[in-house]
8 protein chains.
Amino acid sequence: MDSKFLRELLCRVQNGQINPDEAIHALKRLPFEDLGYAKIDNHRCIRTGVPEIIYCEGKTPYQIQEIVKHISQYHRNVIATRASDTIYQAIKETEINCDYNDLARIVVINPETVVHLGKIIVVSAGTSDIPVAEEAAVTAEILGNKVKRIYDVGVAGIHRLLNACDDLFTANVIVAVAGMEGALASVVGGLVSCPVIGVPTSIGYGASFGGIAALLSMLNSCAAGVSVVNIDNGFGAGYQAGLINKMAIQNVSEKP
Amino acid sequence: MDSKFLRELLCRVQNGQINPDEAIHALKRLPFEDLGYAKIDNHRCIRTGVPEIIYCEGKTPYQIQEIVKHISQYHRNVIATRASDTIYQAIKETEINCDYNDLARIVVINPETVVHLGKIIVVSAGTSDIPVAEEAAVTAEILGNKVKRIYDVGVAGIHRLLNACDDLFTANVIVAVAGMEGALASVVGGLVSCPVIGVPTSIGYGASFGGIAALLSMLNSCAAGVSVVNIDNGFGAGYQAGLINKMAIQNVSEKP
Amino acid sequence: MDSKFLRELLCRVQNGQINPDEAIHALKRLPFEDLGYAKIDNHRCIRTGVPEIIYCEGKTPYQIQEIVKHISQYHRNVIATRASDTIYQAIKETEINCDYNDLARIVVINPETVVHLGKIIVVSAGTSDIPVAEEAAVTAEILGNKVKRIYDVGVAGIHRLLNACDDLFTANVIVAVAGMEGALASVVGGLVSCPVIGVPTSIGYGASFGGIAALLSMLNSCAAGVSVVNIDNGFGAGYQAGLINKMAIQNVSEKP
Amino acid sequence: MDSKFLRELLCRVQNGQINPDEAIHALKRLPFEDLGYAKIDNHRCIRTGVPEIIYCEGKTPYQIQEIVKHISQYHRNVIATRASDTIYQAIKETEINCDYNDLARIVVINPETVVHLGKIIVVSAGTSDIPVAEEAAVTAEILGNKVKRIYDVGVAGIHRLLNACDDLFTANVIVAVAGMEGALASVVGGLVSCPVIGVPTSIGYGASFGGIAALLSMLNSCAAGVSVVNIDNGFGAGYQAGLINKMAIQNVSEKP
Amino acid sequence: MDSKFLRELLCRVQNGQINPDEAIHALKRLPFEDLGYAKIDNHRCIRTGVPEIIYCEGKTPYQIQEIVKHISQYHRNVIATRASDTIYQAIKETEINCDYNDLARIVVINPETVVHLGKIIVVSAGTSDIPVAEEAAVTAEILGNKVKRIYDVGVAGIHRLLNACDDLFTANVIVAVAGMEGALASVVGGLVSCPVIGVPTSIGYGASFGGIAALLSMLNSCAAGVSVVNIDNGFGAGYQAGLINKMAIQNVSEKP
Amino acid sequence: MDSKFLRELLCRVQNGQINPDEAIHALKRLPFEDLGYAKIDNHRCIRTGVPEIIYCEGKTPYQIQEIVKHISQYHRNVIATRASDTIYQAIKETEINCDYNDLARIVVINPETVVHLGKIIVVSAGTSDIPVAEEAAVTAEILGNKVKRIYDVGVAGIHRLLNACDDLFTANVIVAVAGMEGALASVVGGLVSCPVIGVPTSIGYGASFGGIAALLSMLNSCAAGVSVVNIDNGFGAGYQAGLINKMAIQNVSEKP
Amino acid sequence: MDSKFLRELLCRVQNGQINPDEAIHALKRLPFEDLGYAKIDNHRCIRTGVPEIIYCEGKTPYQIQEIVKHISQYHRNVIATRASDTIYQAIKETEINCDYNDLARIVVINPETVVHLGKIIVVSAGTSDIPVAEEAAVTAEILGNKVKRIYDVGVAGIHRLLNACDDLFTANVIVAVAGMEGALASVVGGLVSCPVIGVPTSIGYGASFGGIAALLSMLNSCAAGVSVVNIDNGFGAGYQAGLINKMAIQNVSEKP
Amino acid sequence: MDSKFLRELLCRVQNGQINPDEAIHALKRLPFEDLGYAKIDNHRCIRTGVPEIIYCEGKTPYQIQEIVKHISQYHRNVIATRASDTIYQAIKETEINCDYNDLARIVVINPETVVHLGKIIVVSAGTSDIPVAEEAAVTAEILGNKVKRIYDVGVAGIHRLLNACDDLFTANVIVAVAGMEGALASVVGGLVSCPVIGVPTSIGYGASFGGIAALLSMLNSCAAGVSVVNIDNGFGAGYQAGLINKMAIQNVSEKP
């Protein structure tokens, strides 16, 4: 339940549009709403500013439809990640307004335009890493952050990355997405003074072991200022980058 | 070479205290100074605001003494991590001013008082995790951040953590330090709206595999907003937490 | 061969309904019955109170049909686990009475109503963990235990779990089912005074490594009183929970 | 704070031996007592019936002395595990009454005789597994359980185990301790109808990988009714075995 | 080129049926025959008594057809392992005489009746392990060994195995096939005085890790006299068992 | 942009065939050309003598078509590796001239005859390793190296390898391709005095763990002079072998 | 209790040297003798022909002394493996006759000359592997087998191994001991027609991972006829080699 | 036996300084000399141009002394690697001329000045990697290669590496030595057109897993032209780099 819904609800009580009992009925679901197979954390949005994220893998289309119906009652810009086209079709069947970004595999439910502020840069080592990079970028954008993408700047042709240095120096936070040996995070971390979030991807073969090589590489980065999220977890990186960028946003936009 | 040294140098040229040739001699070492076994990155401080960190493991006492002598010429509050008492004694022999924090195993060379701003909270799951937590806390403090420590609040007695909630909600960034199953990062991540940096520790035995269990646990955190650094890497977490906290600091202290 | 069949057999001898030779023929198969590809452990039910469980994976439909035919002659409520719909259809072809729980992937052969006694609570961290949780719950129910399900109470929104505390305190034993970082087992273990059986699930991606992250997490639980079964082994957890709950059941139901 | 201390405190208020303010001072520490480096969970004993366990590894002798001083004020039979002789000497220096079991590496602080009820059997595969087995047995005994030890009954000479069958059949719960290939847990699990808790040990070499072989073996037990704790975690097994045995104890001793 | 073919060739020279040049042409291929993508080791049969085995996985049907054509010219009872039905059909198309055992996935080319001597026992823990057990048994039989199968005698119902003891005591060598925790090899190894070859299988799930649990278990067997082959390598076990059994066969059949 | 294209461009300016502005337009793309999802490293060919390689896995057919169109404007003999038939068809649709080697899964774009100089020998342990061996051989050939293939000379029939010794002694560099236990690299490395590049393959099953066994084997080679590339990385081995062979080529062909 | 002791005991009854009651007292300990911390398997020698082996690691000197005292009452040539010099001294203190082989770390208690029959060959890849090879060789010799040692014939200089071929062809069984890449087992396995038992050793560094590389290499041997024991398990290999060699021994020496 | 010794021997026969029988006695040891625990490969030097290397770990000082005595009779510049100071002292006791490089832990026996030709560059990421880098550099120098060292140019301060580019472009082969995330090999590999040999080191902690992180990183290098040797195997890299550099040396120095 985001603050906006909550304020509207209380205003309608104030205005006599609804009576207290009706408001109480809605507010009873504030901490969470129990569907049996899911307990929707409606309080989360008040606690963290972001509604509960729907992680689609391992859930049935029916479960997702039901969860979407309940969350969408009180929230806008709800994010469903790892959403296949099948899941997107299932959500559309609910006739709730939604958008689909197939590259990032993200569905946005009750989409609402947000202002994009601050500056997050998402860099990818290769073209094959783009789906994960997009998951990070799209997540951050939905959450109100301005994102610049710089893709295919892996260290095998380092002049491509060095060419982007002026841009990199302007970021509040950088998300570095790389598979194979994952060296991009260290090189970027050594160049800039802002926090860097490394996202290892499962791109590679043989001794990449589904992303372990890149993960270990990033965890052992010789550059200070680099932290890491799970393999292919573009969402997590975009989310945390957003949290960090917000501090600079407040800096820029909310001071008198 | 930090901005302060650079400015002083240029002022002394302006004042005629030194002649341009002497300044050029000093400035020639600006990008880095080559000791053969080490290339000291003097430019780093201008680039990132922090002088090069001395990672002591695997270096001989002699090498560390020499590196300290060169870095300390142009920098203050130089950090040497993973410093055993032997290394501390070796640094003291150089007669360069320095402080030692034996719990955090950090030596600060050319120590200089800094103002501590913003708010970083370092939480630890157990008493045994404190050395790593202190490495994070001390690093952040040297770099000018205000740090609050909340130790021994592991999830086996969750009321101890919940009791600290009011504190946690005021942090700009939280460092969560835990060994064994490392669940603390997820639980904290689910409670707060600021970024959380997880530090797995090697505390445990058997199937903790020297910290792998806690590392995997934190990488797979079901809470969004959590990123992770290497096992026992308190320094890395404290450093990145400092970068994040700086944005809020700027917010508070540098706006007119 | 369960005690009931055995008693009936002996009564029929007593009553002259069958002669001793016929009884001997049946009793010859008591220790086990040899089908060549399988040796059915008919003695098991006398030894442990539960007939042999049919683990369906890796067996051909024909083998399962034959095993079902032989076990069902002497036992009721025979459990077949990891049964796909194909296996269920194959069992139905034998025209032996059976029920299918497709979520738990369990077929019950010769189903018979049992009284559900005591109290086992099965908690799951997420919606995606429910199939494994159901395998545990259904197994326990078939074996005569009363089961309460509390699903989607993962630690990312800990108020959902704390809200269930009053329930948790009434359990004789708790089965905690979780994938990803598996922190649920530790948090539950720290809250209650009854035994907790952790079931790591393969839900997750990347560094969850098919459930290893959750498994290691649970094995390293900082809370005492937690033991663990194999990844996705809902059956094993439900079975052992049943054994533990039985002691309390005896306590309640069999004392004069 | 165990119920006994709590009752005494309240009686003394009732009797006027102390005034309410003094009682309040003591009760303020009820949820937990904060030593800075440790938050002693005094509430735990009310919640779970057992005071907080002191895990000694990774703590300094000084920290342990302080923790012991605080816990021992309100609790009896406090258990300190993984206590080296050095730690024992440190505890003795506090002049608080304590006993040391050097094989199990357990110190008991404020020891108090308890009645041993029910029946737990601890079996070990080899002589080398005994220290872990003793940690389980001693833990269970301190917590009021009757324990029978059957050691060196590994599967390489299975007649030794079969010879103990009559004993095994009388247990409420069995703890099976084994290193190397860890087959003991499966064989015991197939023989009995009570819960079995497997404890893999780090005994072995080469491909035992410090106990991984035994751990995986026990997790994959083909016998139902087996759950597992961490490698060498005799304490955890003894603790959970105690919880399970308690139900039978209640059965026997507390019913009117 | 087996000794029989070689002797026939030389006899035909002796008899003038072929001239030396023709014989030389055939003998030129004796050390090996080069097909480009394969070098058929015709000398192997003289060296080891067994013609080269055709491992089918990773080879195209065309390659297998060509290899079969060349080997079959000079050898009988040629074994092709891991042969899918598709491969069998491809071999049949060559119109060379062959038999297929679909359970063991073995094709025998130029099949010829052999006398089965000595005694190898193949035991399997479960029904699901039978395909691997059959690969061992069929391999040994083709190579002239007498094989007895005892299946589904896993340690969860140890009376089934003990019931087979009299048989086990008569074997010259035993092949023990087991997945999951693989305890069968240790228990058998402790019972008998002949060599035991353990074959871990990939049967299991979760922490069986595709057979690693059983492999480690068997490598760490506490019983002396157990050696191990690769996961699912029934062929290798059957082959080595045959080598061992031969010594006893010689004992029986070739002494004057 | 290879030197040939560059020279032609400059000649055309010299000849007045194009004016400087047109040349500048082309040269602007020299360091790299930015397609958004890919930054084509046109400078690479000048830097290393070889145009950028297109690694096809993880790229969409559309992305590959676009990359091919841009690279092919300025380069000949462009290599696309890990190209499935689908990718080959997609490239053909661009109507740019190209050849496909389906065994090696390599597409050559703008194919141009090159002279094959020096001597690289590619040996494979088995027939199943040939696809990887061919990737190495074809790569080296396209880059202008003479390659001799010696396949199916694994150590189980070592006379086949020893028979090739005279050939092996003439190589400038040897690529040794082997799966399973990967012993071939060590045996070859012990026989010759030229560098050996080991390529572990994923051929095998069970404890080959997708090529890890062969990889570790080669990394631990007891023979000096062996280095290793990633599992199944025939391309990398062929590429580096070409670099090494070039030195001998220069030796032979470019000296006056 | 070996057959010899048993026969002597019964003869003394027959001769009236001891009365039946005294014999019964001795025979009561036949199945096993219970020391509490150890159950000595006296029946083992009758079952398998070899008295129980004492594995010294993890046992205290006192425990070993007591075990030795009990076993030595009824057995000769008792083997204690992994015996450090400290353990040897402890055994000597019992004043029971014993010999120590410090290279193989084996103590023989009640040593008695045995005839060495048949032929086992133990080959080692390097000089550093000799301690493990000696453990195999000495074990086999104590058990009555003739052993030939051929050391330092690793595949990096394959002519050293080929030079030993004539010897290898005469073995009944070969034990191949190798660390690093462990290729020796495969090469030997391809040369001979007798069974080969591979013993991986922990010799190596880096990616040898304490013997895992050699272990995996041997498990994946492309040569048929190779089985494997645990890393550094010279004892196990020597023991099984002895079992295999016995069949040929019977062949040669016991036939009329 | 190097060519020089061989030629001298034959000249002395020609000159009548020794008679043929004496020469035959020496030549009998040509293929290898058998010390029992070691078979010295005297032929190796003729085969590969380099005498057998003595790997010191796992050998006793006595064994090394004996091996040194035998090899030094016929060879100069014999290399003993991984030689501790103890080993060096043991070699000195033989009174054979030798030098010790304690950083590289290499002893050179019968040292003889060699001309250093060509150009190998050894780069290290950090100061802590220098011992491994020196092992590579010293090995290459003893074998007659010219080596330039560029140390502490890790990617965290990439301007230090870029500053060395002009040097790097002149190398015939580069050895890149790095621990932690090992990114140096990829970045160097992307910059140059000569072969790069990566040496992962065990420098690091936590998730560096003793060098696995760097090893995987290098194996997955996104730059073509990089091959890898074992963790900490400076010797192997220096040796292979020497083989590669020789081709260019021949180019320069041996052509007429």
# chains A, B, ... in the order shown; residues from 1 in each chain; ligands from 1

$ calpha_fit_and_write --fixed "chain D" --moving "chain F" --output "compact mmCIF listing (two decimals) with C-alpha atoms, in the first residue's frame"
# COMPACT_ATOMS: atom_id res chain seq x y z
CA MET F 1 16.82 -16.07 33.10
CA ASP F 2 15.36 -19.41 33.97
CA SER F 3 11.94 -19.79 35.52
CA LYS F 4 13.45 -20.76 38.84
CA PHE F 5 15.43 -17.52 39.18
CA LEU F 6 12.39 -15.56 38.05
CA ARG F 7 10.13 -17.23 40.61
CA GLU F 8 12.66 -16.67 43.40
CA LEU F 9 12.95 -13.01 42.46
CA LEU F 10 9.21 -12.49 42.56
CA CYS F 11 8.92 -14.37 45.85
CA ARG F 12 11.52 -12.12 47.38
CA VAL F 13 9.48 -9.13 46.32
CA GLN F 14 6.38 -10.77 47.79
CA ASN F 15 8.27 -11.42 51.01
CA GLY F 16 9.60 -7.91 51.15
CA GLN F 17 13.17 -9.19 50.91
CA ILE F 18 13.81 -6.82 48.04
CA ASN F 19 11.81 -3.82 47.01
CA PRO F 20 10.16 -3.41 43.60
CA ASP F 21 12.85 -1.05 42.31
CA GLU F 22 15.54 -3.62 42.84
CA ALA F 23 13.42 -6.22 41.07
CA ILE F 24 12.81 -3.85 38.19
CA HIS F 25 16.55 -3.35 37.87
CA ALA F 26 17.02 -7.08 37.43
CA LEU F 27 14.02 -7.49 35.16
CA LYS F 28 15.23 -4.71 32.86
CA ARG F 29 17.83 -7.18 31.64
CA LEU F 30 15.20 -9.77 30.87
CA PRO F 31 14.99 -9.51 27.09
CA PHE F 32 18.77 -9.29 26.74
CA GLU F 33 21.75 -7.74 28.44
CA ASP F 34 24.07 -5.65 26.31
CA LEU F 35 27.81 -6.01 26.88
CA GLY F 36 28.67 -4.20 23.65
CA TYR F 37 30.48 -7.12 22.05
CA ALA F 38 27.65 -9.48 23.13
CA LYS F 39 23.95 -9.23 23.76
CA ILE F 40 23.07 -11.98 26.24
CA ASP F 41 19.66 -13.40 25.44
CA ASN F 42 18.23 -13.77 28.96
CA HIS F 43 14.76 -14.27 27.57
CA ARG F 44 15.82 -17.38 25.73
CA CYS F 45 15.48 -19.62 28.76
CA ILE F 46 11.85 -18.62 29.25
CA ARG F 47 11.22 -18.98 25.51
CA THR F 48 12.93 -22.33 24.98
CA GLY F 49 13.63 -23.74 28.43
CA VAL F 50 17.38 -23.65 27.90
CA PRO F 51 19.74 -20.74 28.67
CA GLU F 52 21.87 -19.31 25.86
CA ILE F 53 24.68 -21.64 24.86
CA ILE F 54 28.20 -20.16 24.78
CA TYR F 55 29.98 -21.16 21.57
CA CYS F 56 33.61 -20.56 22.52
CA GLU F 57 35.46 -20.61 19.18
CA GLY F 58 36.36 -17.16 17.90
CA LYS F 59 35.79 -15.49 21.26
CA THR F 60 38.63 -14.19 23.42
CA PRO F 61 39.08 -15.62 26.93
CA TYR F 62 38.18 -12.20 28.30
CA GLN F 63 34.91 -12.06 26.36
CA ILE F 64 34.00 -15.55 27.56
CA GLN F 65 34.76 -14.65 31.16
CA GLU F 66 32.49 -11.62 30.95
CA ILE F 67 29.69 -13.53 29.25
CA VAL F 68 29.95 -16.31 31.82
CA LYS F 69 29.77 -13.80 34.67
CA HIS F 70 26.57 -12.30 33.32
CA ILE F 71 24.75 -15.47 32.29
CA SER F 72 25.67 -17.30 35.47
CA GLN F 73 23.91 -14.69 37.59
CA TYR F 74 20.52 -15.94 36.49
CA HIS F 75 21.06 -19.46 35.15
CA ARG F 76 22.25 -22.91 36.16
CA ASN F 77 23.81 -25.63 34.03
CA VAL F 78 24.98 -23.14 31.43
CA ILE F 79 26.77 -24.93 28.57
CA ALA F 80 29.96 -23.66 26.92
CA THR F 81 30.87 -25.72 23.85
CA ARG F 82 34.11 -26.13 21.86
CA ALA F 83 35.97 -25.09 24.99
CA SER F 84 39.69 -25.77 24.90
CA ASP F 85 41.58 -26.32 28.11
CA THR F 86 42.72 -22.69 27.89
CA ILE F 87 39.13 -21.53 27.89
CA TYR F 88 38.32 -23.80 30.80
CA GLN F 89 41.18 -22.29 32.80
CA ALA F 90 39.90 -18.81 31.94
CA ILE F 91 36.42 -19.68 33.17
CA LYS F 92 37.82 -21.18 36.37
CA GLU F 93 39.62 -17.88 37.03
CA THR F 94 36.20 -16.23 37.42
CA GLU F 95 35.75 -18.41 40.53
CA ILE F 96 32.30 -19.38 39.32
CA ASN F 97 31.59 -23.05 39.90
CA CYS F 98 32.13 -25.13 36.76
CA ASP F 99 32.92 -28.63 35.47
CA TYR F 100 34.93 -29.61 32.39
CA ASN F 101 34.48 -32.62 30.15
CA ASP F 102 37.65 -32.59 28.10
CA LEU F 103 36.64 -35.31 25.64
CA ALA F 104 33.44 -33.46 24.72
CA ARG F 105 35.17 -30.07 25.15
CA ILE F 106 32.20 -28.82 27.20
CA VAL F 107 32.28 -26.62 30.30
CA VAL F 108 29.17 -26.60 32.51
CA ILE F 109 28.80 -23.44 34.57
CA ASN F 110 26.82 -23.46 37.79
CA PRO F 111 26.46 -27.21 37.49
CA GLU F 112 23.38 -28.65 39.16
CA THR F 113 22.27 -32.25 39.31
CA VAL F 114 19.39 -33.02 36.97
CA VAL F 115 17.31 -36.15 36.69
CA HIS F 116 17.99 -38.08 33.47
CA LEU F 117 14.76 -39.26 31.89
CA GLY F 118 13.64 -41.01 28.70
CA LYS F 119 16.16 -42.69 26.43
CA ILE F 120 18.52 -41.32 23.80
CA ILE F 121 21.03 -43.69 22.22
CA VAL F 122 24.23 -42.29 20.76
CA VAL F 123 25.98 -44.67 18.36
CA SER F 124 29.37 -44.06 16.78
CA ALA F 125 30.88 -45.78 13.77
CA GLY F 126 34.43 -45.75 15.07
CA THR F 127 36.61 -45.00 18.04
CA SER F 128 37.85 -41.82 16.35
CA ASP F 129 34.30 -40.44 16.21
CA ILE F 130 33.93 -40.57 20.01
CA PRO F 131 34.76 -36.90 20.78
CA VAL F 132 31.84 -35.77 18.61
CA ALA F 133 29.60 -38.49 20.01
CA GLU F 134 30.50 -37.40 23.53
CA GLU F 135 29.62 -33.79 22.71
CA ALA F 136 26.15 -35.04 21.76
CA ALA F 137 25.81 -37.33 24.77
CA VAL F 138 27.06 -34.85 27.36
CA THR F 139 24.87 -32.07 25.95
CA ALA F 140 21.80 -34.26 26.16
CA GLU F 141 22.64 -35.36 29.70
CA ILE F 142 23.08 -31.82 30.98
CA LEU F 143 19.66 -31.02 29.53
CA GLY F 144 18.09 -33.83 31.57
CA ASN F 145 18.02 -36.74 29.18
CA LYS F 146 19.09 -40.32 29.82
CA VAL F 147 21.74 -41.36 27.31
CA LYS F 148 23.12 -44.75 26.37
CA ARG F 149 26.36 -44.89 24.37
CA ILE F 150 27.09 -47.67 21.85
CA TYR F 151 30.44 -46.94 20.21
CA ASP F 152 32.49 -48.49 17.39
CA VAL F 153 29.65 -50.25 15.60
CA GLY F 154 30.47 -49.14 12.04
CA VAL F 155 29.08 -51.08 9.10
CA ALA F 156 32.36 -52.81 8.20
CA GLY F 157 31.49 -55.38 10.89
CA ILE F 158 27.73 -55.19 10.84
CA HIS F 159 27.21 -57.96 13.40
CA ARG F 160 28.38 -55.54 16.07
CA LEU F 161 25.49 -53.22 15.19
CA LEU F 162 22.93 -56.00 14.78
CA ASN F 163 23.96 -57.26 18.21
CA ALA F 164 22.77 -53.91 19.62
CA CYS F 165 19.36 -54.08 17.94
CA ASP F 166 17.38 -54.87 21.07
CA ASP F 167 18.82 -51.77 22.67
CA LEU F 168 18.20 -49.62 19.61
CA PHE F 169 14.52 -50.61 19.51
CA THR F 170 14.00 -49.08 22.98
CA ALA F 171 15.26 -45.59 22.13
CA ASN F 172 13.05 -42.53 21.75
CA VAL F 173 15.61 -41.01 19.40
CA ILE F 174 19.01 -42.11 18.13
CA VAL F 175 22.04 -39.96 17.33
CA ALA F 176 24.25 -41.68 14.72
CA VAL F 177 27.80 -40.31 14.58
CA ALA F 178 30.05 -41.36 11.72
CA GLY F 179 32.90 -40.11 9.56
CA MET F 180 34.39 -41.64 6.41
CA GLU F 181 31.41 -42.86 4.33
CA GLY F 182 28.83 -42.23 7.07
CA ALA F 183 26.80 -45.31 6.18
CA LEU F 184 25.87 -45.92 9.81
CA ALA F 185 22.99 -43.42 9.74
CA SER F 186 21.28 -45.19 6.84
CA VAL F 187 21.67 -48.66 8.30
CA VAL F 188 20.38 -47.55 11.70
CA GLY F 189 17.58 -45.58 10.05
CA GLY F 190 16.47 -48.73 8.24
CA LEU F 191 16.37 -50.77 11.45
CA VAL F 192 14.39 -48.58 13.85
CA SER F 193 11.08 -46.74 13.99
CA CYS F 194 12.21 -43.72 16.02
CA PRO F 195 13.77 -40.53 14.59
CA VAL F 196 17.48 -40.73 13.78
CA ILE F 197 19.74 -37.65 13.78
CA GLY F 198 22.90 -38.12 11.74
CA VAL F 199 26.12 -36.34 12.70
CA PRO F 200 28.79 -36.54 10.01
CA THR F 201 32.30 -36.19 11.42
CA SER F 202 35.47 -34.91 9.84
CA ILE F 203 37.22 -38.23 10.52
CA GLY F 204 38.81 -39.57 7.35
CA TYR F 205 41.27 -38.35 4.75
CA GLY F 206 41.54 -37.71 1.03
CA ALA F 207 38.11 -37.75 -0.57
CA SER F 208 36.37 -37.50 2.79
CA PHE F 209 37.02 -33.77 2.29
CA GLY F 210 36.78 -32.96 5.99
CA GLY F 211 33.44 -34.68 6.43
CA ILE F 212 31.69 -33.80 3.17
CA ALA F 213 31.54 -37.46 2.13
CA ALA F 214 29.76 -38.43 5.35
CA LEU F 215 27.52 -35.37 5.20
CA LEU F 216 26.36 -36.09 1.65
CA SER F 217 25.92 -39.74 2.49
CA MET F 218 23.63 -38.94 5.40
CA LEU F 219 21.65 -36.33 3.45
CA ASN F 220 21.01 -38.94 0.77
CA SER F 221 20.06 -41.67 3.19
CA CYS F 222 17.80 -44.19 1.52
CA ALA F 223 16.16 -44.77 4.91
CA ALA F 224 13.29 -42.46 5.83
CA GLY F 225 13.35 -40.86 9.26
CA VAL F 226 16.92 -39.54 9.15
CA SER F 227 17.76 -35.85 9.45
CA VAL F 228 21.23 -34.37 9.63
CA VAL F 229 23.19 -31.65 11.43
CA ASN F 230 26.45 -29.93 10.52
CA ILE F 231 29.76 -31.80 10.35
CA ASP F 232 31.12 -32.44 13.87
CA ASN F 233 28.06 -30.75 15.40
CA GLY F 234 27.59 -33.15 18.27
CA PHE F 235 26.09 -30.35 20.32
CA GLY F 236 23.29 -29.67 17.83
CA ALA F 237 22.40 -33.33 17.58
CA GLY F 238 22.37 -33.79 21.34
CA TYR F 239 20.26 -30.67 21.72
CA GLN F 240 17.63 -31.67 19.18
CA ALA F 241 17.60 -35.24 20.43
CA GLY F 242 16.83 -33.79 23.85
CA LEU F 243 13.89 -31.80 22.46
CA ILE F 244 12.47 -34.95 20.88
CA ASN F 245 13.08 -37.11 23.93
CA LYS F 246 11.30 -34.54 26.11
CA MET F 247 7.98 -35.39 24.53
CA ALA F 248 8.35 -38.99 25.65
CA ILE F 249 9.61 -37.77 29.04
CA GLN F 250 6.47 -35.71 29.50
CA ASN F 251 4.59 -38.79 28.51
CA VAL F 252 6.19 -40.82 31.24
CA SER F 253 6.83 -38.40 34.03
CA GLU F 254 4.35 -35.55 33.99
CA LYS F 255 1.06 -37.29 33.31
CA PRO F 256 -1.02 -37.77 36.45

$ select_by_dssp --residues "region 13-248 of chain F" --states "alpha helix (DSSP H)" --output "PyMOL selection string"
chain F and resi 13-14+20-27+44-48+61-72+85-93+130-142+158-162+165-168+184-191+212-219+234-248

$ decode --residues "region 176-189 of chain C" --atoms "C-alpha atoms" --output "PDB file, in the first residue's frame"
ATOM      1  CA  ALA C 176      10.630 -25.125   7.628  1.00  0.00           C
ATOM      2  CA  VAL C 177      10.781 -25.157   3.839  1.00  0.00           C
ATOM      3  CA  ALA C 178      12.870 -22.529   2.065  1.00  0.00           C
ATOM      4  CA  GLY C 179      14.977 -21.989  -1.028  1.00  0.00           C
ATOM      5  CA  MET C 180      17.240 -19.074  -1.914  1.00  0.00           C
ATOM      6  CA  GLU C 181      19.172 -18.250   1.281  1.00  0.00           C
ATOM      7  CA  GLY C 182      17.132 -20.569   3.495  1.00  0.00           C
ATOM      8  CA  ALA C 183      17.208 -18.195   6.466  1.00  0.00           C
ATOM      9  CA  LEU C 184      13.712 -19.187   7.549  1.00  0.00           C
ATOM     10  CA  ALA C 185      14.921 -22.289   9.407  1.00  0.00           C
ATOM     11  CA  SER C 186      17.280 -20.277  11.613  1.00  0.00           C
ATOM     12  CA  VAL C 187      14.753 -17.583  12.436  1.00  0.00           C
ATOM     13  CA  VAL C 188      12.065 -20.139  13.275  1.00  0.00           C
ATOM     14  CA  GLY C 189      14.591 -22.195  15.243  1.00  0.00           C
TER      15      GLY C 189
END
